[in-house]
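Asker: Contents are mmCIF, C-alpha atoms (C1' of nucleotides); file name entry-v5.cif:
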data_run
#
loop_
_atom_site.group_PDB
_atom_site.id
_atom_site.type_symbol
_atom_site.label_atom_id
_atom_site.label_comp_id
_atom_site.auth_asym_id
_atom_site.auth_seq_id
_atom_site.Cartn_x
_atom_site.Cartn_y
_atom_site.Cartn_z
ATOM 1 C CA MET N 1195 -135.843 20.211 23.663
ATOM 2 C CA LYS N 1196 -136.866 23.844 23.832
ATOM 3 C CA LEU N 1197 -136.931 25.806 27.076
ATOM 4 C CA ALA N 1198 -138.657 29.167 26.739
ATOM 5 C CA THR N 1199 -139.494 32.254 28.761
ATOM 6 C CA TRP N 1200 -142.116 34.884 27.979
ATOM 7 C CA ASN N 1201 -143.455 37.857 29.877
ATOM 8 C CA VAL N 1202 -147.073 37.691 28.701
ATOM 9 C CA ASN N 1203 -148.301 40.904 30.382
ATOM 10 C CA SER N 1204 -151.641 39.337 31.403
ATOM 11 C CA ILE N 1205 -152.327 35.628 30.888
ATOM 12 C CA LYS N 1206 -155.988 36.451 30.307
ATOM 13 C CA VAL N 1207 -155.356 38.796 27.387
ATOM 14 C CA ARG N 1208 -152.548 36.734 25.882
ATOM 15 C CA LEU N 1209 -154.077 33.257 26.267
ATOM 16 C CA PRO N 1210 -155.081 32.828 22.595
ATOM 17 C CA GLN N 1211 -151.606 33.875 21.453
ATOM 18 C CA LEU N 1212 -150.003 31.608 24.026
ATOM 19 C CA LEU N 1213 -152.031 28.573 22.937
ATOM 20 C CA ASP N 1214 -151.296 29.196 19.246
ATOM 21 C CA TRP N 1215 -147.610 29.652 20.017
ATOM 22 C CA LEU N 1216 -147.430 26.461 22.118
ATOM 23 C CA ALA N 1217 -149.035 24.494 19.303
ATOM 24 C CA ALA N 1218 -146.684 25.966 16.693
ATOM 25 C CA VAL N 1219 -143.368 25.991 18.581
ATOM 26 C CA LYS N 1220 -143.962 23.030 20.922
ATOM 27 C CA PRO N 1221 -141.545 24.076 23.661
ATOM 28 C CA SER N 1222 -140.998 21.390 26.335
ATOM 29 C CA VAL N 1223 -140.884 23.891 29.191
ATOM 30 C CA VAL N 1224 -142.159 27.471 29.311
ATOM 31 C CA CYS N 1225 -141.743 30.082 32.028
ATOM 32 C CA LEU N 1226 -144.322 32.880 32.056
ATOM 33 C CA GLN N 1227 -144.204 36.186 33.895
ATOM 34 C CA GLU N 1228 -146.685 38.963 34.655
ATOM 35 C CA THR N 1229 -149.647 36.632 34.489
ATOM 36 C CA LYS N 1230 -151.564 39.201 36.580
ATOM 37 C CA SER N 1231 -154.026 36.517 37.658
ATOM 38 C CA GLU N 1232 -155.178 35.176 40.970
ATOM 39 C CA ASP N 1233 -154.649 31.421 41.126
ATOM 40 C CA ALA N 1234 -158.403 30.798 41.270
ATOM 41 C CA LYS N 1235 -158.813 32.572 37.923
ATOM 42 C CA PHE N 1236 -155.767 31.101 36.166
ATOM 43 C CA PRO N 1237 -156.786 29.437 32.858
ATOM 44 C CA ARG N 1238 -155.499 26.006 33.870
ATOM 45 C CA ALA N 1239 -158.005 23.958 31.872
ATOM 46 C CA GLU N 1240 -157.275 25.761 28.597
ATOM 47 C CA ILE N 1241 -153.543 25.244 28.965
ATOM 48 C CA GLU N 1242 -153.960 21.606 29.967
ATOM 49 C CA ALA N 1243 -156.179 21.108 26.930
ATOM 50 C CA GLY N 1244 -153.246 22.408 24.901
ATOM 51 C CA GLY N 1245 -151.187 19.483 26.147
ATOM 52 C CA TYR N 1246 -149.300 21.119 29.002
ATOM 53 C CA GLN N 1247 -149.003 20.602 32.722
ATOM 54 C CA VAL N 1248 -148.999 23.917 34.523
ATOM 55 C CA ALA N 1249 -147.960 25.314 37.890
ATOM 56 C CA PHE N 1250 -148.658 28.916 38.827
ATOM 57 C CA SER N 1251 -148.293 31.435 41.596
ATOM 58 C CA GLY N 1252 -150.191 34.621 41.050
ATOM 59 C CA GLN N 1253 -151.968 37.590 42.554
ATOM 60 C CA LYS N 1254 -154.507 40.126 41.421
ATOM 61 C CA THR N 1255 -153.368 42.893 39.026
ATOM 62 C CA TYR N 1256 -149.590 42.591 39.486
ATOM 63 C CA ASN N 1257 -146.756 40.114 39.006
ATOM 64 C CA GLY N 1258 -147.530 36.399 38.818
ATOM 65 C CA VAL N 1259 -145.449 33.538 37.403
ATOM 66 C CA ALA N 1260 -146.188 30.149 35.847
ATOM 67 C CA ILE N 1261 -144.312 27.132 34.515
ATOM 68 C CA LEU N 1262 -145.686 24.937 31.724
ATOM 69 C CA ALA N 1263 -144.301 21.567 30.701
ATOM 70 C CA ARG N 1264 -145.305 18.904 28.210
ATOM 71 C CA SER N 1265 -144.295 16.231 30.728
ATOM 72 C CA ALA N 1266 -144.764 16.067 34.486
ATOM 73 C CA LEU N 1267 -143.960 19.005 36.746
ATOM 74 C CA THR N 1268 -142.709 17.980 40.162
ATOM 75 C CA ASP N 1269 -141.409 19.580 43.361
ATOM 76 C CA VAL N 1270 -143.190 22.858 42.722
ATOM 77 C CA ALA N 1271 -142.113 25.605 45.094
ATOM 78 C CA SER N 1272 -143.242 29.236 45.180
ATOM 79 C CA GLY N 1273 -141.115 32.178 46.281
ATOM 80 C CA ILE N 1274 -137.574 32.485 47.557
ATOM 81 C CA PRO N 1275 -137.271 30.594 50.842
ATOM 82 C CA ASP N 1276 -136.115 32.842 53.719
ATOM 83 C CA ALA N 1277 -137.132 35.959 51.781
ATOM 84 C CA ALA N 1278 -140.537 37.145 52.887
ATOM 85 C CA ASP N 1279 -142.159 38.777 49.861
ATOM 86 C CA GLU N 1280 -145.847 39.330 49.227
ATOM 87 C CA GLN N 1281 -145.144 39.754 45.537
ATOM 88 C CA LYS N 1282 -145.488 36.624 43.436
ATOM 89 C CA ARG N 1283 -142.256 36.692 41.464
ATOM 90 C CA VAL N 1284 -140.647 33.273 41.761
ATOM 91 C CA LEU N 1285 -141.743 29.736 40.964
ATOM 92 C CA ALA N 1286 -139.553 26.643 40.783
ATOM 93 C CA ALA N 1287 -140.320 23.168 39.500
ATOM 94 C CA THR N 1288 -138.601 20.122 38.053
ATOM 95 C CA ALA N 1289 -139.419 19.126 34.474
ATOM 96 C CA GLU N 1290 -137.573 16.951 31.961
ATOM 97 C CA GLY N 1291 -134.830 16.377 34.526
ATOM 98 C CA ILE N 1292 -134.189 20.106 34.778
ATOM 99 C CA ARG N 1293 -134.692 22.263 37.835
ATOM 100 C CA VAL N 1294 -136.423 25.326 36.462
ATOM 101 C CA ALA N 1295 -136.669 28.627 38.298
ATOM 102 C CA CYS N 1296 -139.080 31.116 36.736
ATOM 103 C CA VAL N 1297 -138.383 34.670 37.877
ATOM 104 C CA TYR N 1298 -140.043 38.039 37.453
ATOM 105 C CA CYS N 1299 -137.484 40.442 38.839
ATOM 106 C CA PRO N 1300 -138.646 43.840 40.082
ATOM 107 C CA ASN N 1301 -138.734 46.728 37.630
ATOM 108 C CA GLY N 1302 -137.132 49.288 39.943
ATOM 109 C CA GLN N 1303 -139.138 52.217 38.530
ATOM 110 C CA ALA N 1304 -136.402 54.856 38.826
ATOM 111 C CA VAL N 1305 -132.815 54.884 40.056
ATOM 112 C CA GLY N 1306 -132.796 55.988 43.685
ATOM 113 C CA SER N 1307 -136.477 55.219 44.299
ATOM 114 C CA GLU N 1308 -137.824 52.903 46.992
ATOM 115 C CA LYS N 1309 -138.631 50.349 44.304
ATOM 116 C CA TYR N 1310 -135.067 50.536 43.031
ATOM 117 C CA ALA N 1311 -133.770 49.743 46.521
ATOM 118 C CA TYR N 1312 -136.244 46.857 46.715
ATOM 119 C CA LYS N 1313 -134.992 45.606 43.358
ATOM 120 C CA LEU N 1314 -131.339 45.525 44.430
ATOM 121 C CA LYS N 1315 -132.221 43.890 47.748
ATOM 122 C CA TRP N 1316 -134.387 41.372 45.919
ATOM 123 C CA PHE N 1317 -131.489 40.424 43.633
ATOM 124 C CA GLU N 1318 -129.352 39.751 46.725
ATOM 125 C CA SER N 1319 -131.976 37.316 47.999
ATOM 126 C CA LEU N 1320 -132.184 35.720 44.575
ATOM 127 C CA ARG N 1321 -128.405 35.298 44.390
ATOM 128 C CA ASP N 1322 -128.188 33.785 47.874
ATOM 129 C CA TRP N 1323 -130.962 31.338 47.048
ATOM 130 C CA LEU N 1324 -129.547 30.389 43.640
ATOM 131 C CA ARG N 1325 -126.128 29.679 45.135
ATOM 132 C CA GLY N 1326 -127.738 26.827 47.096
ATOM 133 C CA GLU N 1327 -129.950 25.771 44.200
ATOM 134 C CA LEU N 1328 -126.890 25.401 41.979
ATOM 135 C CA ALA N 1329 -125.246 23.194 44.588
ATOM 136 C CA ARG N 1330 -128.398 21.062 44.857
ATOM 137 C CA HIS N 1331 -129.276 20.925 41.158
ATOM 138 C CA PRO N 1332 -126.470 20.488 38.614
ATOM 139 C CA ARG N 1333 -129.089 20.876 35.883
ATOM 140 C CA LEU N 1334 -130.521 24.279 36.787
ATOM 141 C CA ALA N 1335 -132.134 26.851 34.506
ATOM 142 C CA VAL N 1336 -133.174 30.311 35.702
ATOM 143 C CA ALA N 1337 -135.465 31.898 33.152
ATOM 144 C CA GLY N 1338 -137.525 35.030 33.180
ATOM 145 C CA ASP N 1339 -137.810 38.771 33.016
ATOM 146 C CA PHE N 1340 -134.782 40.101 34.877
ATOM 147 C CA ASN N 1341 -135.508 43.737 34.108
ATOM 148 C CA VAL N 1342 -131.800 44.334 33.527
ATOM 149 C CA ALA N 1343 -130.018 44.890 30.210
ATOM 150 C CA PRO N 1344 -126.650 43.277 30.961
ATOM 151 C CA GLU N 1345 -124.461 45.398 28.675
ATOM 152 C CA ASP N 1346 -124.644 48.418 26.405
ATOM 153 C CA ARG N 1347 -125.055 46.148 23.388
ATOM 154 C CA ASP N 1348 -128.346 45.031 24.942
ATOM 155 C CA VAL N 1349 -129.706 48.597 24.761
ATOM 156 C CA HIS N 1350 -130.890 50.271 21.544
ATOM 157 C CA ASP N 1351 -129.526 53.670 22.585
ATOM 158 C CA PRO N 1352 -126.881 53.244 25.280
ATOM 159 C CA LYS N 1353 -126.280 56.988 25.603
ATOM 160 C CA ALA N 1354 -129.916 57.741 26.260
ATOM 161 C CA TRP N 1355 -130.122 54.862 28.735
ATOM 162 C CA GLN N 1356 -126.800 55.530 30.464
ATOM 163 C CA GLY N 1357 -127.335 55.107 34.200
ATOM 164 C CA ALA N 1358 -131.100 54.718 33.810
ATOM 165 C CA VAL N 1359 -133.192 52.066 35.493
ATOM 166 C CA LEU N 1360 -132.847 48.678 33.731
ATOM 167 C CA ALA N 1361 -129.341 49.640 32.582
ATOM 168 C CA SER N 1362 -127.690 51.198 35.644
ATOM 169 C CA GLU N 1363 -124.404 49.815 36.888
ATOM 170 C CA PRO N 1364 -125.737 48.578 40.268
ATOM 171 C CA GLU N 1365 -128.432 46.599 38.434
ATOM 172 C CA ARG N 1366 -125.887 45.187 36.009
ATOM 173 C CA ALA N 1367 -123.665 44.243 38.936
ATOM 174 C CA ALA N 1368 -126.640 42.487 40.542
ATOM 175 C CA LEU N 1369 -127.214 40.474 37.368
ATOM 176 C CA ARG N 1370 -123.493 39.736 37.051
ATOM 177 C CA SER N 1371 -123.516 38.395 40.604
ATOM 178 C CA LEU N 1372 -125.807 35.636 39.301
ATOM 179 C CA LEU N 1373 -123.447 34.872 36.438
ATOM 180 C CA GLU N 1374 -120.562 34.786 38.905
ATOM 181 C CA LEU N 1375 -122.283 31.883 40.654
ATOM 182 C CA GLY N 1376 -121.563 29.939 37.480
ATOM 183 C CA LEU N 1377 -124.729 30.616 35.519
ATOM 184 C CA ALA N 1378 -124.347 31.381 31.810
ATOM 185 C CA ASP N 1379 -126.443 33.814 29.767
ATOM 186 C CA SER N 1380 -127.549 31.292 27.140
ATOM 187 C CA PHE N 1381 -128.135 33.997 24.528
ATOM 188 C CA ARG N 1382 -124.462 34.965 24.590
ATOM 189 C CA LEU N 1383 -123.217 31.412 24.210
ATOM 190 C CA PHE N 1384 -123.771 31.909 20.478
ATOM 191 C CA PRO N 1385 -123.143 34.540 17.814
ATOM 192 C CA GLN N 1386 -126.206 36.799 17.665
ATOM 193 C CA PRO N 1387 -127.468 39.580 15.442
ATOM 194 C CA GLU N 1388 -126.625 43.084 16.624
ATOM 195 C CA LYS N 1389 -129.469 44.954 18.282
ATOM 196 C CA SER N 1390 -131.217 41.870 19.609
ATOM 197 C CA PHE N 1391 -133.888 42.843 22.118
ATOM 198 C CA THR N 1392 -136.723 41.174 24.048
ATOM 199 C CA TRP N 1393 -138.763 44.198 25.097
ATOM 200 C CA TRP N 1394 -140.059 47.230 23.204
ATOM 201 C CA ASP N 1395 -142.136 50.043 24.675
ATOM 202 C CA TYR N 1396 -145.743 50.108 23.503
ATOM 203 C CA ARG N 1397 -145.297 53.812 22.803
ATOM 204 C CA MET N 1398 -143.280 55.713 20.229
ATOM 205 C CA LEU N 1399 -143.527 52.963 17.590
ATOM 206 C CA ALA N 1400 -140.680 51.400 19.525
ATOM 207 C CA PHE N 1401 -140.989 47.945 17.988
ATOM 208 C CA ARG N 1402 -141.048 49.281 14.447
ATOM 209 C CA ARG N 1403 -137.909 51.285 15.225
ATOM 210 C CA ASN N 1404 -136.400 48.327 17.102
ATOM 211 C CA ALA N 1405 -135.956 50.669 20.054
ATOM 212 C CA GLY N 1406 -135.748 47.899 22.603
ATOM 213 C CA LEU N 1407 -133.852 46.318 25.456
ATOM 214 C CA ARG N 1408 -132.714 42.764 26.098
ATOM 215 C CA ILE N 1409 -133.988 42.185 29.607
ATOM 216 C CA ASP N 1410 -135.449 38.649 29.408
ATOM 217 C CA HIS N 1411 -132.896 35.920 29.902
ATOM 218 C CA ILE N 1412 -132.345 32.200 30.240
ATOM 219 C CA LEU N 1413 -129.453 31.476 32.600
ATOM 220 C CA LEU N 1414 -128.012 27.967 32.618
ATOM 221 C CA SER N 1415 -125.887 25.987 35.062
ATOM 222 C CA PRO N 1416 -122.544 24.770 33.653
ATOM 223 C CA GLU N 1417 -123.923 21.309 32.906
ATOM 224 C CA LEU N 1418 -126.927 22.692 31.029
ATOM 225 C CA ALA N 1419 -124.829 25.288 29.233
ATOM 226 C CA LYS N 1420 -122.761 22.442 27.820
ATOM 227 C CA SER N 1421 -125.877 20.875 26.330
ATOM 228 C CA CYS N 1422 -127.265 24.156 24.951
ATOM 229 C CA THR N 1423 -127.176 24.249 21.143
ATOM 230 C CA GLY N 1424 -128.848 27.583 20.505
ATOM 231 C CA CYS N 1425 -130.784 30.515 21.901
ATOM 232 C CA SER N 1426 -132.974 32.980 20.053
ATOM 233 C CA ILE N 1427 -135.643 35.630 20.463
ATOM 234 C CA ASP N 1428 -139.019 34.949 18.843
ATOM 235 C CA ARG N 1429 -139.969 38.380 17.535
ATOM 236 C CA ALA N 1430 -143.012 37.107 15.631
ATOM 237 C CA LEU N 1431 -145.333 37.370 18.631
ATOM 238 C CA ARG N 1432 -144.498 41.045 19.084
ATOM 239 C CA LYS N 1433 -145.888 41.720 15.600
ATOM 240 C CA LEU N 1434 -149.364 40.357 16.315
ATOM 241 C CA GLU N 1435 -152.437 42.409 17.126
ATOM 242 C CA ARG N 1436 -152.552 43.236 20.823
ATOM 243 C CA PRO N 1437 -149.105 41.867 21.624
ATOM 244 C CA SER N 1438 -147.264 41.591 24.897
ATOM 245 C CA ASP N 1439 -144.521 44.212 25.063
ATOM 246 C CA HIS N 1440 -142.053 41.318 25.525
ATOM 247 C CA ALA N 1441 -141.030 38.635 23.035
ATOM 248 C CA PRO N 1442 -140.234 35.059 24.098
ATOM 249 C CA VAL N 1443 -136.676 33.792 24.435
ATOM 250 C CA VAL N 1444 -136.131 30.165 23.444
ATOM 251 C CA ALA N 1445 -133.112 28.008 24.347
ATOM 252 C CA GLU N 1446 -132.417 24.686 22.624
ATOM 253 C CA LEU N 1447 -131.073 21.964 24.913
ATOM 254 C CA LEU N 1448 -129.887 18.484 23.986
ATOM 255 C "C1'" DA X 711 -140.653 67.447 24.597
ATOM 256 C "C1'" DT X 712 -139.501 62.920 29.755
ATOM 257 C "C1'" DG X 713 -144.743 62.180 26.619
ATOM 258 C "C1'" DG X 714 -146.597 59.023 23.411
ATOM 259 C "C1'" DC X 715 -149.256 52.565 25.071
ATOM 260 C "C1'" DT X 716 -151.429 48.796 27.596
ATOM 261 C "C1'" DA X 717 -153.617 46.238 31.531
ATOM 262 C "C1'" DC X 718 -155.918 46.469 35.641
ATOM 263 C "C1'" DG X 719 -159.479 47.668 38.883
ATOM 264 C "C1'" DA X 720 -161.646 51.052 39.771
ATOM 265 C "C1'" DT X 721 -164.796 54.267 37.424
ATOM 266 C "C1'" DC X 722 -164.642 57.390 32.972
ATOM 267 C "C1'" DC X 723 -159.026 58.231 36.288
ATOM 268 C "C1'" DG X 724 -154.937 56.419 38.982
ATOM 269 C "C1'" DT X 725 -151.215 52.996 39.295
ATOM 270 C "C1'" DA X 726 -147.756 50.420 37.212
ATOM 271 C "C1'" DG X 727 -145.019 48.661 33.838
ATOM 272 C "C1'" DA X 728 -139.943 49.210 31.515
#
Let me see the structure of the file written as structure tokens.
Answerer:
Amino acid sequence: MKLATWNVNSIKVRLPQLLDWLAAVKPSVVCLQETKSEDAKFPRAEIEAGGYQVAFSGQKTYNGVAILARSALTDVASGIPDAADEQKRVLAATAEGIRVACVYCPNGQAVGSEKYAYKLKWFESLRDWLRGELARHPRLAVAGDFNVAPEDRDVHDPKAWQGAVLASEPERAALRSLLELGLADSFRLFPQPEKSFTWWDYRMLAFRRNAGLRIDHILLSPELAKSCTGCSIDRALRKLERPSDHAPVVAELL
DNA sequence: ATGGCTACGATCCGTAGA
């Protein structure tokens, strides 16, 4: 089965691409971020007509997450318990016997800014929550836009990005703290092409120059990591007219 | 050169993204 994550940057704008992609790729479970849609306006019927169950937690203009599954979605839960946050960034559900956590981690804007502090604090809450989730759910996947490039090889120009937001050491340490819980970065379980990225700036012909970052990830519990047979980035969607600035990441699980 | 797009909700510009 395929488990995918994609930051769509507006579910409304990207809906036709999403439906085409679902029909072509047929992932079993899909995590979406930056839906930018109030729940009342979420295109539930269109996605259901495409053969998917869907759970969503959104707000106007910003953030917003959703989980799609070809089979039933159960035990849907929004947000990180014990972490009061107005921003809709987390959604969990069980599908195909997997506990799936869809996350849209804060961007952080600039190192040292208020939003950067919020980002680091938010990662602490995420880590504390996931520690318990891992104990409760041996088959746990955490998929989404983490807004952190884990290592220099995940950055097109490490010198230019040295210490910058998305690549700074405190952010990398925050992401590592999730891996230290026992979660594996599924992409790095396998040999991968050099300069593999999931996000490219809309400006500066960044995609054409492959000037990107790998900031979207699928993290797997030890049991799921054992059953993972591949992980890749689907660059095709980034080439379409009016693309999201992110490409989907797809993990293959037995 | 620190910008350049894109989406949104509000107007015809500001905020945010990464």
Asker: Measure the distance from atom CA of N:Leu1262 to atom CA of N:Ala1198 in Å and round it to one decimal.
Answerer: 9.6 Å
Asker: Got a sec: who's within 12 Å of X:DG719, counting only C-alpha atoms (C1' of nucleotides), leaving out chain neighbours fewer than 3 positions off, as a compact mmCIF listing (two decimals) with C-alpha atoms (C1' of nucleotides), in the frame of the given file?
Answerer:
# COMPACT_ATOMS: atom_id res chain seq x y z
CA LYS N 1230 -151.56 39.20 36.58
CA LYS N 1254 -154.51 40.13 41.42
CA THR N 1255 -153.37 42.89 39.03
CA TYR N 1256 -149.59 42.59 39.49
C1' DC X 723 -159.03 58.23 36.29
C1' DG X 724 -154.94 56.42 38.98
C1' DT X 725 -151.22 53.00 39.30
Asker: One number please: atom CA of N:Pro1442 to atom CA of N:Arg1403, in Å, one decimal.
Answerer: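 Rounded to one decimal, the two atoms are 18.6 Å apart.
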Asker: Using Å and a single decimal, report how far atom CA of N:Ser1204 sits from atom CA of N:Leu1431.
Answerer: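 These atoms are spaced 14.4 Å apart.
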Asker: Starting from the PyMOL selection byres ((chain N) within 7 of (chain X)), expand the selection into actual residues of this file and give them as a PyMOL selection string.
Answerer: chain N and resi 1255+1301+1396-1398
